[in-house]
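A short write-up of the structure that comes next.
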Amino acid sequence: MSEYFKNIPKIKYEGKNSDNPMAFKYYNPDEVVGDKTMKEHLKFSVAYWHTFTGGGVDPFGSATMQRPWDHITDPMDKAKARVDAAFEFFDKLGVEYFCFHDRDIAPEADTLAETNKRLDEIVKLIKDRMASSGVKLLWGTASLFTNPRFMHGAATSCNADVFAYAAAQVKKAMEITHELDGAGYTFWGGREGYETLLNTDMKLELDNMARFLHMAVDYAKEIGFKGTFYIEPKPKEPTKHQYDFDCATVLGFLKSYGLDKHFKFNIETNHATLAGHTMQHELHFARINGMLGSVDANQGDMLLGWDTDQFPTDLYVTTLAMYEILKNGGLHSGGLNFDAKPRRTSFEPEDMFYAHIAGMDAFARGLKIAHKMLSDGKLEKFVQERYSSFTKGIGADIVNGKVGFKELEQYALNNTITNTSGRQEVLEALVNQYILGDL
Ligand code: XUL
Ligand code: CO
């Protein structure tokens, strides 16, 4: 088997003073943090699409990425080379999980039957590599947005034939995910949204999306797929108004169609930004509703209104993300999937490694800081005290359902209000001390 990244060694942990860009400064896989090793806490995953099929195209220019398989012209030979390169990459980086869309791993052919045959051929290859390397599939998914047939959407298309085709495609994608023992299956509503209500039957589209997801739940049962189903919210792009806007919107949708018990969220940082939320908000909302499943670990740009899918390097964000994840007791069947791509100008094969190293280090450091914040308990204690009026007296009566408006009116007439400070700036400064390692 040929080696694709010849000049790149296995990436090692060299510690915080290392100036070697091809080494981890903070990610030390076997280091124990609390009750688990870093590797067990973080469960990093490589996104097949950005790392092995993405070329760096943007709306103004063509591909810039130089990849060691570029010289191969036959699409199936190229797909096979990518599998070899991918498993070499996972091994050198020390990442144990990956995620894919059906069309990332095998190119589409002229007919669905032929496309499925191509998929089977590549899946067989991947299965062998997984068995010999121990690398696992975090989740699989289907691309229901690239091919022009999905111009009006997939499960929310106005065209019933497209709904049927999408169902056939997801059926197959679920089967191969099951075949590869995937821990989950993700539904990102690629083009499930609309541009204008002037041509849209929103009620039918939403009903159809729910019908589609119910069919998926039924089929998982039928084939014995026990992995977690994730919905990945995103507010816009490619459509102006995506139905799966954010976690709160999706939870409402799932509950109104009786689907909530079958799904968890796969939450992406850049999607949170586009929805006008912090990543911590989305993770927190999911967590308190028992819906935090997996994470697409990337970051956006605060000055741009689109999905830049950058590698996560912002320590403030990784720290507060890990804070929520630790409070969730971990990600269970989920992981931290780098749904991220090196910038178009970071086009060399080395950059694939540098970018992942940067993201892994940022999450490793975030994990340690968040663990310290939680074990000290200062922030949690502050929040607890801030709401302590609900643990006694009239507050406890409100919480326990013992009083109504009449009793509360009597109380308000006979008591004066004394508020206390929220101390936001003190808490922000405290988080800075933790991030700087001074506490
Ligand atoms: C698109 C996106 C997808 C999903 C999987 O913004 O995040 O790559 O993660 O379909
Ligand atoms: Co994503």
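Note on naming: chains are A, B, ... as they come in the structure tokens, residues start from 1 per chain, ligands start from 1 in the order shown.
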Q: Step by step, measure atom-to-atom distances between ligand 1 and each residue using only C-alpha atoms and all ligand atoms, keep those at most 10 Å, then write them as a PyMOL selection string.
A: chain A and resi 47-50+99-102+139-145+185-190+231-238+266-271+295-298+306-309+337-340
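Excluding region 212-226 of chain A itself and any same-chain residue fewer than 2 positions from it, the protein and nucleic acid residues within 7 Å of it, counting only C-alpha atoms, are A:Ala155, A:His178, A:Asn208, A:Met209, A:Ala210, A:Thr228.
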Q: Can you check which residues of region 197-400 of chain A DSSP gives as strand (DSSP E or B) on the backbone and send them as a PyMOL selection string?
A: chain A and resi 228-231+241-242+263-268+292-296+299+310+336-338
Please produce a file of those selected residues containing N, CA and C atoms, as a short mmCIF file (atom, residue, chain, number, x, y, z; two decimals), in the first residue's frame.
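selection.cif written:
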data_model
loop_
_atom_site.label_atom_id
_atom_site.label_comp_id
_atom_site.auth_asym_id
_atom_site.auth_seq_id
_atom_site.Cartn_x
_atom_site.Cartn_y
_atom_site.Cartn_z
N THR A 228 -27.32 6.27 17.65
CA THR A 228 -28.13 7.46 17.98
C THR A 228 -28.45 8.23 16.70
N PHE A 229 -29.69 8.68 16.59
CA PHE A 229 -30.09 9.57 15.49
C PHE A 229 -29.87 11.01 15.94
N TYR A 230 -29.13 11.75 15.13
CA TYR A 230 -28.90 13.16 15.45
C TYR A 230 -29.57 14.05 14.42
N ILE A 231 -30.08 15.19 14.91
CA ILE A 231 -30.47 16.27 14.01
C ILE A 231 -29.46 17.38 14.21
N HIS A 241 -34.04 30.30 4.70
CA HIS A 241 -34.65 29.94 5.97
C HIS A 241 -34.66 28.42 6.10
N GLN A 242 -33.69 27.88 6.83
CA GLN A 242 -33.66 26.42 7.05
C GLN A 242 -34.68 26.10 8.16
N PHE A 263 -34.45 11.19 18.88
CA PHE A 263 -33.33 12.01 18.37
C PHE A 263 -32.57 12.72 19.48
N LYS A 264 -31.30 13.03 19.16
CA LYS A 264 -30.52 13.98 19.96
C LYS A 264 -29.95 15.00 18.96
N PHE A 265 -29.27 16.01 19.50
CA PHE A 265 -28.72 17.02 18.60
C PHE A 265 -27.24 16.78 18.30
N ASN A 266 -26.86 17.05 17.06
CA ASN A 266 -25.46 17.21 16.72
C ASN A 266 -25.28 18.71 16.53
N ILE A 267 -24.56 19.33 17.44
CA ILE A 267 -24.51 20.80 17.48
C ILE A 267 -23.19 21.32 16.91
N GLU A 268 -23.32 22.20 15.93
CA GLU A 268 -22.13 22.76 15.28
C GLU A 268 -21.92 24.21 15.69
N LEU A 292 -28.40 16.65 24.32
CA LEU A 292 -27.04 16.89 23.84
C LEU A 292 -26.39 15.57 23.40
N GLY A 293 -26.17 15.44 22.09
CA GLY A 293 -25.67 14.17 21.58
C GLY A 293 -24.24 14.21 21.10
N SER A 294 -23.96 15.07 20.12
CA SER A 294 -22.64 15.10 19.51
C SER A 294 -22.33 16.53 19.08
N VAL A 295 -21.07 16.76 18.71
CA VAL A 295 -20.65 18.13 18.38
C VAL A 295 -19.90 18.15 17.06
N ASP A 296 -20.27 19.11 16.19
CA ASP A 296 -19.43 19.40 15.03
C ASP A 296 -18.53 20.55 15.44
N GLN A 299 -15.39 26.58 14.09
CA GLN A 299 -15.77 27.92 14.52
C GLN A 299 -16.03 28.76 13.29
N GLN A 310 -14.24 26.97 10.09
CA GLN A 310 -12.82 27.05 10.45
C GLN A 310 -12.50 26.06 11.58
N LEU A 336 -16.40 14.69 19.17
CA LEU A 336 -16.06 16.02 18.64
C LEU A 336 -15.58 15.84 17.21
N ASN A 337 -16.50 16.08 16.28
CA ASN A 337 -16.19 15.88 14.87
C ASN A 337 -15.74 17.20 14.25
N PHE A 338 -14.53 17.21 13.69
CA PHE A 338 -14.03 18.44 13.08
C PHE A 338 -14.70 18.68 11.74
#
Q | Residue nearest Met174 (chain A) among A:Gly359, A:Leu320, A:Gly227, A:Leu413 (counting only C-alpha atoms) | A | A:Gly227
Q: Figure out the distance between CA of Val57 (chain A) and CA of Phe98 (chain A), please, to one decimal in Å.
A: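 Between these atoms lies a distance of 22.4 Å.
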Q: Considering only C-alpha atoms, return as a PyMOL selection string whatever protein or nucleic-acid residues lie within 12 Å of Ala85 (chain A), sequence-local ones (same chain, fewer than 6 positions apart) excluded.
A: chain A and resi 1-6+48+51-53+67-70+78-79+91-92+126+129+349+352
Could you write out that same residue set with C-alpha atoms as a PDB file, in the first residue's frame?
ATOM      1  CA  MET A   1       0.000   0.000   0.000  1.00  0.00           C
ATOM      2  CA  SER A   2       1.450   3.409  -0.887  1.00  0.00           C
ATOM      3  CA  GLU A   3       2.184   6.002   1.772  1.00  0.00           C
ATOM      4  CA  TYR A   4       0.470   9.315   1.047  1.00  0.00           C
ATOM      5  CA  PHE A   5       1.927  11.588   3.710  1.00  0.00           C
ATOM      6  CA  LYS A   6       5.538  10.473   3.409  1.00  0.00           C
ATOM      7  CA  TYR A  48     -14.264  12.864   5.468  1.00  0.00           C
ATOM      8  CA  THR A  51     -10.417  16.504   4.693  1.00  0.00           C
ATOM      9  CA  PHE A  52     -10.503  14.030   1.818  1.00  0.00           C
ATOM     10  CA  THR A  53     -12.971  15.327  -0.767  1.00  0.00           C
ATOM     11  CA  ARG A  67      -3.553  16.427  -2.322  1.00  0.00           C
ATOM     12  CA  PRO A  68      -1.401  13.325  -2.840  1.00  0.00           C
ATOM     13  CA  TRP A  69      -4.210  11.621  -4.789  1.00  0.00           C
ATOM     14  CA  ASP A  70      -4.736  14.505  -7.263  1.00  0.00           C
ATOM     15  CA  LYS A  78      -9.444   8.048  -6.570  1.00  0.00           C
ATOM     16  CA  ALA A  79     -12.095   7.012  -4.019  1.00  0.00           C
ATOM     17  CA  ASP A  91      -3.264   6.702  12.354  1.00  0.00           C
ATOM     18  CA  LYS A  92      -0.649   9.459  12.129  1.00  0.00           C
ATOM     19  CA  ILE A 126     -13.400   0.833   4.685  1.00  0.00           C
ATOM     20  CA  ARG A 129      -9.328  -0.805   7.224  1.00  0.00           C
ATOM     21  CA  PRO A 349      -1.022  18.440   2.745  1.00  0.00           C
ATOM     22  CA  MET A 352      -4.415  19.065   7.020  1.00  0.00           C
TER      23      MET A 352
END
**Q.** Selected residue, from A:Ile72, A:Met373, A:Leu112, A:Ala272, that lies nearest to ligand 2 when counting only C-alpha atoms and all ligand atoms
**A.**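 Going through A:Ile72, A:Met373, A:Leu112, A:Ala272 one by one, the smallest distance to ligand 2 is for A:Ala272.
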Q. For Met291 (chain A), which residue out of A:Ile357, A:Ala23, A:Val250, A:Ala131 is the nearest one, using only C-alpha atoms?
A.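 Residue with the minimum atom-to-atom distance to Met291 (chain A): A:Val250.
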Q) Do you have the CA of Leu430 (chain A)-CA of Gly377 (chain A) distance handy? A)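 Distance reported for this atom pair: 11.9 Å.
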Q) Could you write out, as a ChimeraX atom specification, all the residues of region 32-65 of chain A that DSSP marks as helix (DSSP H, G or I)? A) /A:38-42,48-53
Store the residues of this selection in a file with N, CA, C and O atoms, as a PDB file, in the first residue's frame.
ATOM      1  N   MET A  38      -7.879  11.919  28.345  1.00  0.00           N
ATOM      2  CA  MET A  38      -8.247  12.952  27.357  1.00  0.00           C
ATOM      3  C   MET A  38      -8.900  12.326  26.126  1.00  0.00           C
ATOM      4  O   MET A  38      -9.873  12.827  25.584  1.00  0.00           O
ATOM      5  N   LYS A  39      -8.320  11.211  25.705  1.00  0.00           N
ATOM      6  CA  LYS A  39      -8.827  10.531  24.506  1.00  0.00           C
ATOM      7  C   LYS A  39     -10.290  10.122  24.700  1.00  0.00           C
ATOM      8  O   LYS A  39     -11.119  10.278  23.806  1.00  0.00           O
ATOM      9  N   GLU A  40     -10.608   9.625  25.901  1.00  0.00           N
ATOM     10  CA  GLU A  40     -11.987   9.193  26.170  1.00  0.00           C
ATOM     11  C   GLU A  40     -12.944  10.380  26.293  1.00  0.00           C
ATOM     12  O   GLU A  40     -14.096  10.306  25.874  1.00  0.00           O
ATOM     13  N   HIS A  41     -12.464  11.471  26.862  1.00  0.00           N
ATOM     14  CA  HIS A  41     -13.317  12.655  26.991  1.00  0.00           C
ATOM     15  C   HIS A  41     -13.654  13.241  25.623  1.00  0.00           C
ATOM     16  O   HIS A  41     -14.780  13.633  25.376  1.00  0.00           O
ATOM     17  N   LEU A  42     -12.609  13.330  24.769  1.00  0.00           N
ATOM     18  CA  LEU A  42     -12.731  14.202  23.599  1.00  0.00           C
ATOM     19  C   LEU A  42     -13.259  13.482  22.351  1.00  0.00           C
ATOM     20  O   LEU A  42     -13.944  14.076  21.538  1.00  0.00           O
ATOM     21  N   TYR A  48     -14.785  13.366   6.748  1.00  0.00           N
ATOM     22  CA  TYR A  48     -14.264  12.864   5.468  1.00  0.00           C
ATOM     23  C   TYR A  48     -14.405  13.915   4.359  1.00  0.00           C
ATOM     24  O   TYR A  48     -13.532  14.074   3.516  1.00  0.00           O
ATOM     25  N   TRP A  49     -15.526  14.642   4.393  1.00  0.00           N
ATOM     26  CA  TRP A  49     -15.813  15.558   3.275  1.00  0.00           C
ATOM     27  C   TRP A  49     -14.806  16.697   3.200  1.00  0.00           C
ATOM     28  O   TRP A  49     -14.262  16.959   2.125  1.00  0.00           O
ATOM     29  N   HIS A  50     -14.530  17.358   4.323  1.00  0.00           N
ATOM     30  CA  HIS A  50     -13.602  18.490   4.257  1.00  0.00           C
ATOM     31  C   HIS A  50     -12.173  18.014   4.027  1.00  0.00           C
ATOM     32  O   HIS A  50     -11.411  18.643   3.320  1.00  0.00           O
ATOM     33  N   THR A  51     -11.824  16.892   4.677  1.00  0.00           N
ATOM     34  CA  THR A  51     -10.417  16.504   4.693  1.00  0.00           C
ATOM     35  C   THR A  51     -10.010  15.714   3.449  1.00  0.00           C
ATOM     36  O   THR A  51      -8.904  15.867   2.961  1.00  0.00           O
ATOM     37  N   PHE A  52     -10.923  14.897   2.935  1.00  0.00           N
ATOM     38  CA  PHE A  52     -10.503  14.030   1.818  1.00  0.00           C
ATOM     39  C   PHE A  52     -11.192  14.342   0.491  1.00  0.00           C
ATOM     40  O   PHE A  52     -10.683  13.958  -0.546  1.00  0.00           O
ATOM     41  N   THR A  53     -12.350  15.011   0.521  1.00  0.00           N
ATOM     42  CA  THR A  53     -12.971  15.327  -0.767  1.00  0.00           C
ATOM     43  C   THR A  53     -13.014  16.828  -1.067  1.00  0.00           C
ATOM     44  O   THR A  53     -13.118  17.222  -2.218  1.00  0.00           O
TER      45      THR A  53
END
**Q.** Residue contacts of Thr111 (chain A) (12 Å, only C-alpha atoms) excluding same-chain residues fewer than 5 positions away, as an NGL selection string
**A.** :A and (116-118 or 165 or 169)
Q: One decimal, Å: what's the distance from CA of Phe44 (chain A) over to CA of Ala86 (chain A), could you say?
A: 14.4 Å
(Q) So that I can see what lies close to Glu348 (chain A), please list as JSON, numbers by chain the residues with an atom at most 10 Å from it, counting only C-alpha atoms and leaving out residues fewer than 5 positions away in the same chain. (A) {"A": [64, 65, 66, 67, 68, 342, 353]}
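Closest to ligand 2 among A:Glu14, A:Gly193, A:Lys381, A:Ser45 is A:Ser45, based on only C-alpha atoms and all ligand atoms.
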